[in-house]
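Q: Data file my_file21.cif (mmCIF, C-alpha atoms) is appended below.
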data_final
#
loop_
_atom_site.group_PDB
_atom_site.id
_atom_site.type_symbol
_atom_site.label_atom_id
_atom_site.label_comp_id
_atom_site.auth_asym_id
_atom_site.auth_seq_id
_atom_site.Cartn_x
_atom_site.Cartn_y
_atom_site.Cartn_z
ATOM 1 C CA MET N 1 -30.809 24.286 5.867
ATOM 2 C CA GLU N 2 -28.387 27.034 6.823
ATOM 3 C CA LEU N 3 -25.855 24.402 7.792
ATOM 4 C CA LEU N 4 -25.766 23.125 4.198
ATOM 5 C CA ALA N 5 -25.193 26.583 2.722
ATOM 6 C CA PHE N 6 -21.971 27.404 0.933
ATOM 7 C CA GLY N 7 -19.659 29.983 2.473
ATOM 8 C CA ASP N 8 -18.889 31.004 6.035
ATOM 9 C CA THR N 9 -22.338 30.206 7.427
ATOM 10 C CA GLY N 10 -22.591 26.583 6.327
ATOM 11 C CA TRP N 11 -20.808 23.360 5.579
ATOM 12 C CA GLY N 12 -21.866 23.025 1.921
ATOM 13 C CA ASP N 13 -18.458 23.786 0.433
ATOM 14 C CA GLU N 14 -16.691 21.409 2.833
ATOM 15 C CA LEU N 15 -19.195 18.633 2.076
ATOM 16 C CA PHE N 16 -18.777 19.210 -1.671
ATOM 17 C CA ARG N 17 -14.985 18.986 -1.386
ATOM 18 C CA ALA N 18 -15.311 15.832 0.732
ATOM 19 C CA THR N 19 -17.594 14.296 -1.910
ATOM 20 C CA LEU N 20 -15.052 15.006 -4.643
ATOM 21 C CA MET N 21 -12.292 13.580 -2.451
ATOM 22 C CA THR N 22 -14.329 10.409 -1.847
ATOM 23 C CA ILE N 23 -14.824 9.965 -5.593
ATOM 24 C CA ALA N 24 -11.111 10.519 -6.223
ATOM 25 C CA VAL N 25 -10.106 8.004 -3.527
ATOM 26 C CA SER N 26 -12.621 5.479 -4.940
ATOM 27 C CA ILE N 27 -11.353 5.731 -8.501
ATOM 28 C CA THR N 28 -7.713 5.592 -7.431
ATOM 29 C CA ALA N 29 -8.375 2.608 -5.139
ATOM 30 C CA MET N 30 -10.197 0.721 -7.917
ATOM 31 C CA ILE N 31 -7.239 1.221 -10.245
ATOM 32 C CA ILE N 32 -4.785 0.066 -7.571
ATOM 33 C CA GLY N 33 -7.018 -2.921 -6.768
ATOM 34 C CA PHE N 34 -7.258 -3.859 -10.428
ATOM 35 C CA LEU N 35 -3.462 -3.756 -10.738
ATOM 36 C CA PHE N 36 -3.060 -5.936 -7.646
ATOM 37 C CA ALA N 37 -5.598 -8.387 -9.092
ATOM 38 C CA LEU N 38 -3.654 -8.513 -12.369
ATOM 39 C CA ILE N 39 -0.512 -9.343 -10.431
ATOM 40 C CA PHE N 40 -1.920 -11.889 -7.976
ATOM 41 C CA THR N 41 -4.418 -13.772 -10.179
ATOM 42 C CA PRO N 42 -1.723 -15.520 -12.259
ATOM 43 C CA LEU N 43 0.128 -16.331 -9.039
ATOM 44 C CA LYS N 44 -3.034 -17.817 -7.555
ATOM 45 C CA LEU N 45 -3.550 -19.967 -10.660
ATOM 46 C CA SER N 46 0.126 -20.945 -10.860
ATOM 47 C CA LYS N 47 1.202 -24.560 -10.453
ATOM 48 C CA ASN N 48 4.312 -23.312 -8.653
ATOM 49 C CA LYS N 49 3.589 -23.973 -4.955
ATOM 50 C CA PHE N 50 5.613 -20.986 -3.724
ATOM 51 C CA LEU N 51 3.876 -18.454 -6.009
ATOM 52 C CA ASN N 52 0.517 -20.002 -5.177
ATOM 53 C CA PHE N 53 1.326 -19.717 -1.467
ATOM 54 C CA ILE N 54 2.152 -16.004 -1.821
ATOM 55 C CA ALA N 55 -1.118 -15.232 -3.610
ATOM 56 C CA ASN N 56 -3.199 -17.368 -1.238
ATOM 57 C CA SER N 57 -1.581 -15.660 1.754
ATOM 58 C CA TYR N 58 -2.326 -12.207 0.335
ATOM 59 C CA THR N 59 -5.994 -12.899 -0.398
ATOM 60 C CA THR N 60 -6.629 -14.846 2.809
ATOM 61 C CA ILE N 61 -4.978 -12.349 5.144
ATOM 62 C CA ILE N 62 -6.357 -9.172 3.544
ATOM 63 C CA ARG N 63 -9.882 -10.555 3.215
ATOM 64 C CA GLY N 64 -9.730 -11.938 6.763
ATOM 65 C CA VAL N 65 -8.595 -8.748 8.489
ATOM 66 C CA PRO N 66 -11.238 -6.047 9.055
ATOM 67 C CA GLU N 67 -10.982 -3.258 6.486
ATOM 68 C CA LEU N 68 -10.751 -0.536 9.110
ATOM 69 C CA LEU N 69 -7.753 -2.283 10.663
ATOM 70 C CA VAL N 70 -5.974 -2.366 7.284
ATOM 71 C CA ILE N 71 -6.672 1.353 6.807
ATOM 72 C CA TYR N 72 -5.370 2.174 10.303
ATOM 73 C CA LEU N 73 -2.351 -0.054 9.794
ATOM 74 C CA PHE N 74 -1.330 1.823 6.655
ATOM 75 C CA PHE N 75 -2.232 5.276 7.943
ATOM 76 C CA PHE N 76 -0.628 5.085 11.358
ATOM 77 C CA GLY N 77 1.906 2.305 10.778
ATOM 78 C CA GLY N 78 3.062 3.562 7.385
ATOM 79 C CA THR N 79 4.581 6.740 8.762
ATOM 80 C CA GLY N 80 6.349 4.794 11.498
ATOM 81 C CA ALA N 81 7.711 2.267 9.009
ATOM 82 C CA VAL N 82 9.012 4.971 6.664
ATOM 83 C CA MET N 83 10.606 6.835 9.572
ATOM 84 C CA PHE N 84 12.265 3.601 10.779
ATOM 85 C CA VAL N 85 13.767 2.928 7.349
ATOM 86 C CA ALA N 86 14.888 6.570 7.072
ATOM 87 C CA SER N 87 16.556 6.356 10.489
ATOM 88 C CA ILE N 88 18.639 3.415 9.261
ATOM 89 C CA PHE N 89 20.090 5.780 6.655
ATOM 90 C CA GLY N 90 20.684 8.548 9.221
ATOM 91 C CA TYR N 91 17.592 10.717 8.643
ATOM 92 C CA ASN N 92 15.859 11.304 11.988
ATOM 93 C CA GLU N 93 13.330 14.029 11.158
ATOM 94 C CA TYR N 94 9.560 13.472 11.105
ATOM 95 C CA ILE N 95 8.184 12.149 7.800
ATOM 96 C CA GLU N 96 4.480 12.327 7.030
ATOM 97 C CA ILE N 97 2.977 10.264 4.234
ATOM 98 C CA ASN N 98 0.265 11.859 2.093
ATOM 99 C CA ALA N 99 -3.125 10.811 3.508
ATOM 100 C CA PHE N 100 -4.763 10.557 0.069
ATOM 101 C CA ILE N 101 -2.135 8.127 -1.179
ATOM 102 C CA THR N 102 -2.256 6.130 2.057
ATOM 103 C CA GLY N 103 -6.064 5.841 2.030
ATOM 104 C CA ALA N 104 -6.273 4.977 -1.660
ATOM 105 C CA PHE N 105 -3.482 2.420 -1.352
ATOM 106 C CA ALA N 106 -5.044 0.747 1.712
ATOM 107 C CA ILE N 107 -8.468 0.487 0.082
ATOM 108 C CA GLY N 108 -6.856 -0.575 -3.203
ATOM 109 C CA ILE N 109 -5.101 -3.471 -1.484
ATOM 110 C CA ILE N 110 -8.418 -4.566 0.041
ATOM 111 C CA SER N 111 -10.174 -4.255 -3.319
ATOM 112 C CA GLY N 112 -7.345 -6.147 -5.022
ATOM 113 C CA ALA N 113 -7.733 -9.142 -2.715
ATOM 114 C CA TYR N 114 -11.416 -9.481 -3.567
ATOM 115 C CA SER N 115 -10.846 -8.818 -7.278
ATOM 116 C CA THR N 116 -8.126 -11.482 -7.376
ATOM 117 C CA GLU N 117 -10.646 -14.064 -6.227
ATOM 118 C CA VAL N 118 -13.217 -12.896 -8.777
ATOM 119 C CA PHE N 119 -10.654 -13.024 -11.618
ATOM 120 C CA ARG N 120 -9.566 -16.496 -10.504
ATOM 121 C CA GLY N 121 -13.150 -17.728 -10.409
ATOM 122 C CA ALA N 122 -13.911 -16.196 -13.795
ATOM 123 C CA ILE N 123 -10.906 -17.808 -15.426
ATOM 124 C CA GLN N 124 -11.592 -21.192 -13.862
ATOM 125 C CA SER N 125 -15.262 -21.095 -14.937
ATOM 126 C CA ILE N 126 -14.366 -21.006 -18.643
ATOM 127 C CA ASP N 127 -14.220 -24.444 -20.271
ATOM 128 C CA ASN N 128 -10.786 -25.458 -21.545
ATOM 129 C CA GLY N 129 -12.276 -26.241 -24.965
ATOM 130 C CA ASP N 130 -13.591 -22.678 -25.271
ATOM 131 C CA ILE N 131 -10.183 -21.242 -24.482
ATOM 132 C CA VAL N 132 -8.361 -23.557 -26.898
ATOM 133 C CA GLY N 133 -10.932 -22.923 -29.641
ATOM 134 C CA ALA N 134 -10.766 -19.174 -29.169
ATOM 135 C CA PHE N 135 -7.010 -19.071 -29.510
ATOM 136 C CA GLN N 136 -6.821 -21.482 -32.445
ATOM 137 C CA GLY N 137 -9.258 -19.513 -34.579
ATOM 138 C CA ILE N 138 -11.896 -22.252 -34.662
ATOM 139 C CA ALA N 139 -14.527 -20.286 -32.796
ATOM 140 C CA GLY N 140 -15.277 -17.490 -35.228
ATOM 141 C CA PRO N 141 -13.936 -14.917 -37.664
ATOM 142 C CA LEU N 142 -11.955 -13.111 -34.979
ATOM 143 C CA GLY N 143 -10.988 -16.298 -33.183
ATOM 144 C CA ILE N 144 -13.085 -15.341 -30.172
ATOM 145 C CA ASP N 145 -15.975 -17.528 -29.117
ATOM 146 C CA SER N 146 -19.141 -15.705 -28.052
ATOM 147 C CA LYS N 147 -19.427 -18.034 -25.053
ATOM 148 C CA LEU N 148 -15.897 -17.090 -24.005
ATOM 149 C CA MET N 149 -16.633 -13.384 -24.380
ATOM 150 C CA GLY N 150 -19.893 -13.816 -22.476
ATOM 151 C CA ALA N 151 -18.001 -15.403 -19.587
ATOM 152 C CA VAL N 152 -15.442 -12.615 -19.618
ATOM 153 C CA GLY N 153 -18.180 -9.965 -19.727
ATOM 154 C CA ALA N 154 -20.106 -11.561 -16.864
ATOM 155 C CA SER N 155 -16.918 -11.721 -14.828
ATOM 156 C CA LEU N 156 -16.152 -8.062 -15.427
ATOM 157 C CA GLY N 157 -19.668 -7.168 -14.314
ATOM 158 C CA ALA N 158 -19.209 -9.191 -11.141
ATOM 159 C CA ILE N 159 -15.861 -7.533 -10.502
ATOM 160 C CA THR N 160 -17.343 -4.067 -10.861
ATOM 161 C CA ASN N 161 -20.255 -4.876 -8.556
ATOM 162 C CA GLY N 162 -17.987 -6.513 -5.998
ATOM 163 C CA ASP N 163 -15.498 -3.644 -6.041
ATOM 164 C CA ILE N 164 -18.215 -1.036 -5.631
ATOM 165 C CA GLY N 165 -19.648 -2.873 -2.628
ATOM 166 C CA SER N 166 -16.232 -3.368 -1.092
ATOM 167 C CA LEU N 167 -15.230 0.235 -1.766
ATOM 168 C CA THR N 168 -18.466 1.564 -0.282
ATOM 169 C CA ASN N 169 -17.821 -0.366 2.906
ATOM 170 C CA ALA N 170 -14.154 0.625 3.080
ATOM 171 C CA LEU N 171 -14.885 4.286 2.351
ATOM 172 C CA GLY N 172 -17.507 4.245 5.088
ATOM 173 C CA ASN N 173 -14.809 3.025 7.452
ATOM 174 C CA LEU N 174 -12.381 5.615 6.154
ATOM 175 C CA GLY N 175 -14.784 8.524 6.572
ATOM 176 C CA GLY N 176 -16.939 7.477 9.482
ATOM 177 C CA SER N 177 -14.344 6.241 11.932
ATOM 178 C CA ALA N 178 -11.222 8.147 10.979
ATOM 179 C CA PRO N 179 -11.924 11.899 11.006
ATOM 180 C CA GLN N 180 -8.207 12.614 11.437
ATOM 181 C CA ILE N 181 -7.499 10.992 8.076
ATOM 182 C CA LEU N 182 -10.129 13.128 6.349
ATOM 183 C CA THR N 183 -8.841 16.243 8.084
ATOM 184 C CA ASP N 184 -5.342 15.494 6.780
ATOM 185 C CA VAL N 185 -6.628 14.753 3.274
ATOM 186 C CA LEU N 186 -8.713 17.923 3.056
ATOM 187 C CA GLY N 187 -5.822 20.002 4.269
#
Kindly return the structure encoded in the file as structure tokens.
A:
Amino acid sequence: MELLAFGDTGWGDELFRATLMTIAVSITAMIIGFLFALIFTPLKLSKNKFLNFIANSYTTIIRGVPELLVIYLFFFGGTGAVMFVASIFGYNEYIEINAFITGAFAIGIISGAYSTEVFRGAIQSIDNGDIVGAFQGIAGPLGIDSKLMGAVGASLGAITNGDIGSLTNALGNLGGSAPQILTDVLG
């Protein structure tokens, strides 16, 4: 139990800080993933073949590549990419990207790929008549059908559950296999 004590004799304060950092990365990654899903879901549902191709490529590639590889790609490849672009403009010094932002962005991109598919499925599961009725004011006093709202609510629940599972797995990869990333994040 001495190892879990706070202060110089134990690791309690470090573990507490790491727990807070994990929560912060999770929340930030969920927000980033939600924003990616908002961008790519309309593209995935688009009748424009090019936009549909872009969204399908994003979801297929990100969901098909192991999460740890995506995290490593952003963490180790991101610095190299930024330094390459900076060298084009004549800046040849070392540039280090913030590890918190890199980790949250990598996990957010992974979460966004899964959320895009859930949003797409949720939208496609709603009957066209329910959507038309809801927007024409036929369905109720507020113009929103309870069946439509039920479908939206069920989809949001599925998104939350899916994101939490995906984030738990990705954060396990981030913390368990990449101690250098955590060391950089914790300072």
Q: Where does the PyMOL selection byres ((chain N and resi 62-74) around 8) land in this file, that is, which residues does it pick, as a PyMOL selection string?
A: chain N and resi 58-61+75-79+102-103+106-107+109-110+113-114+170+173-174
Q: Extending 3 Å beyond the listed atoms of region 93-97 of chain N on each side, what axis-aligned box results? I want centre and edge lengths in Å to one decimal, as lines of an AutoDock Vina configuration file.
A:
center_x = 8.2
center_y = 12.1
center_z = 7.7
size_x = 16.4
size_y = 9.8
size_z = 12.9
Q: Figure out the distance between CA of Ser57 (chain N) and CA of Ile123 (chain N), please, to one decimal in Å.
A: 19.7 Å
Q: Selected by the PyMOL selection byres ((chain N and resi 104) around 9) in the shown coordinates: which residues, as an MDAnalysis selection string?
A: chainID N and resid 24:30 32 99:103 105:109
Q: Looking at N:Ala81, N:Ala55, N:Ala37, N:Ile88, which one is nearest to Thr116 (chain N), with distances taken over all atoms listed in the file?
A: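 When distances to Thr116 (chain N) are compared using all atoms listed in the file, the smallest one comes from N:Ala37.
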Q: Which residue is closest to Leu51 (chain N)? Choose from N:Met21, N:Ile31, N:Phe119, N:Ile39 and count all atoms listed in the file.
A: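 Distance minimum relative to Leu51 (chain N) lands on N:Ile39.
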Q: What gap, in Å, lies between CA of Lys49 (chain N) and CA of Glu117 (chain N)?
A: 17.4 Å
Q: What gap, in Å, lies between CA of Ser125 (chain N) and CA of Leu35 (chain N)?
A: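 One can read the CA of Ser125 (chain N) to CA of Leu35 (chain N) distance as 21.4 Å.
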Q: From the options N:Ile126, N:Phe6, N:Arg120, N:Ser111, which residue's atoms come nearest to Leu43 (chain N), counting all atoms listed in the file?
A: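 Of all the options, N:Arg120 lies closest to Leu43 (chain N).
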Q: Using all atoms listed in the file, which of N:Gly112, N:Phe84, N:Thr19, N:Tyr94 sits nearest Phe36 (chain N)?
A: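 Among N:Gly112, N:Phe84, N:Thr19, N:Tyr94, it is N:Gly112 that comes nearest to Phe36 (chain N).
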Q: Within 9 Å of Glu93 (chain N), counting only C-alpha atoms, which residues show up once you throw out same-chain ones fewer than 6 positions away? Write them as a list in words, please.
A: Met83, Ala86 and Ser87 of chain N
Q: Would you save the residues of that selection, restricted to C-alpha atoms, as a PDB file, in the coordinates of the input?
A:
ATOM      1  CA  MET N  83      10.606   6.835   9.572  1.00  0.00           C
ATOM      2  CA  ALA N  86      14.888   6.570   7.072  1.00  0.00           C
ATOM      3  CA  SER N  87      16.556   6.356  10.489  1.00  0.00           C
TER       4      SER N  87
END
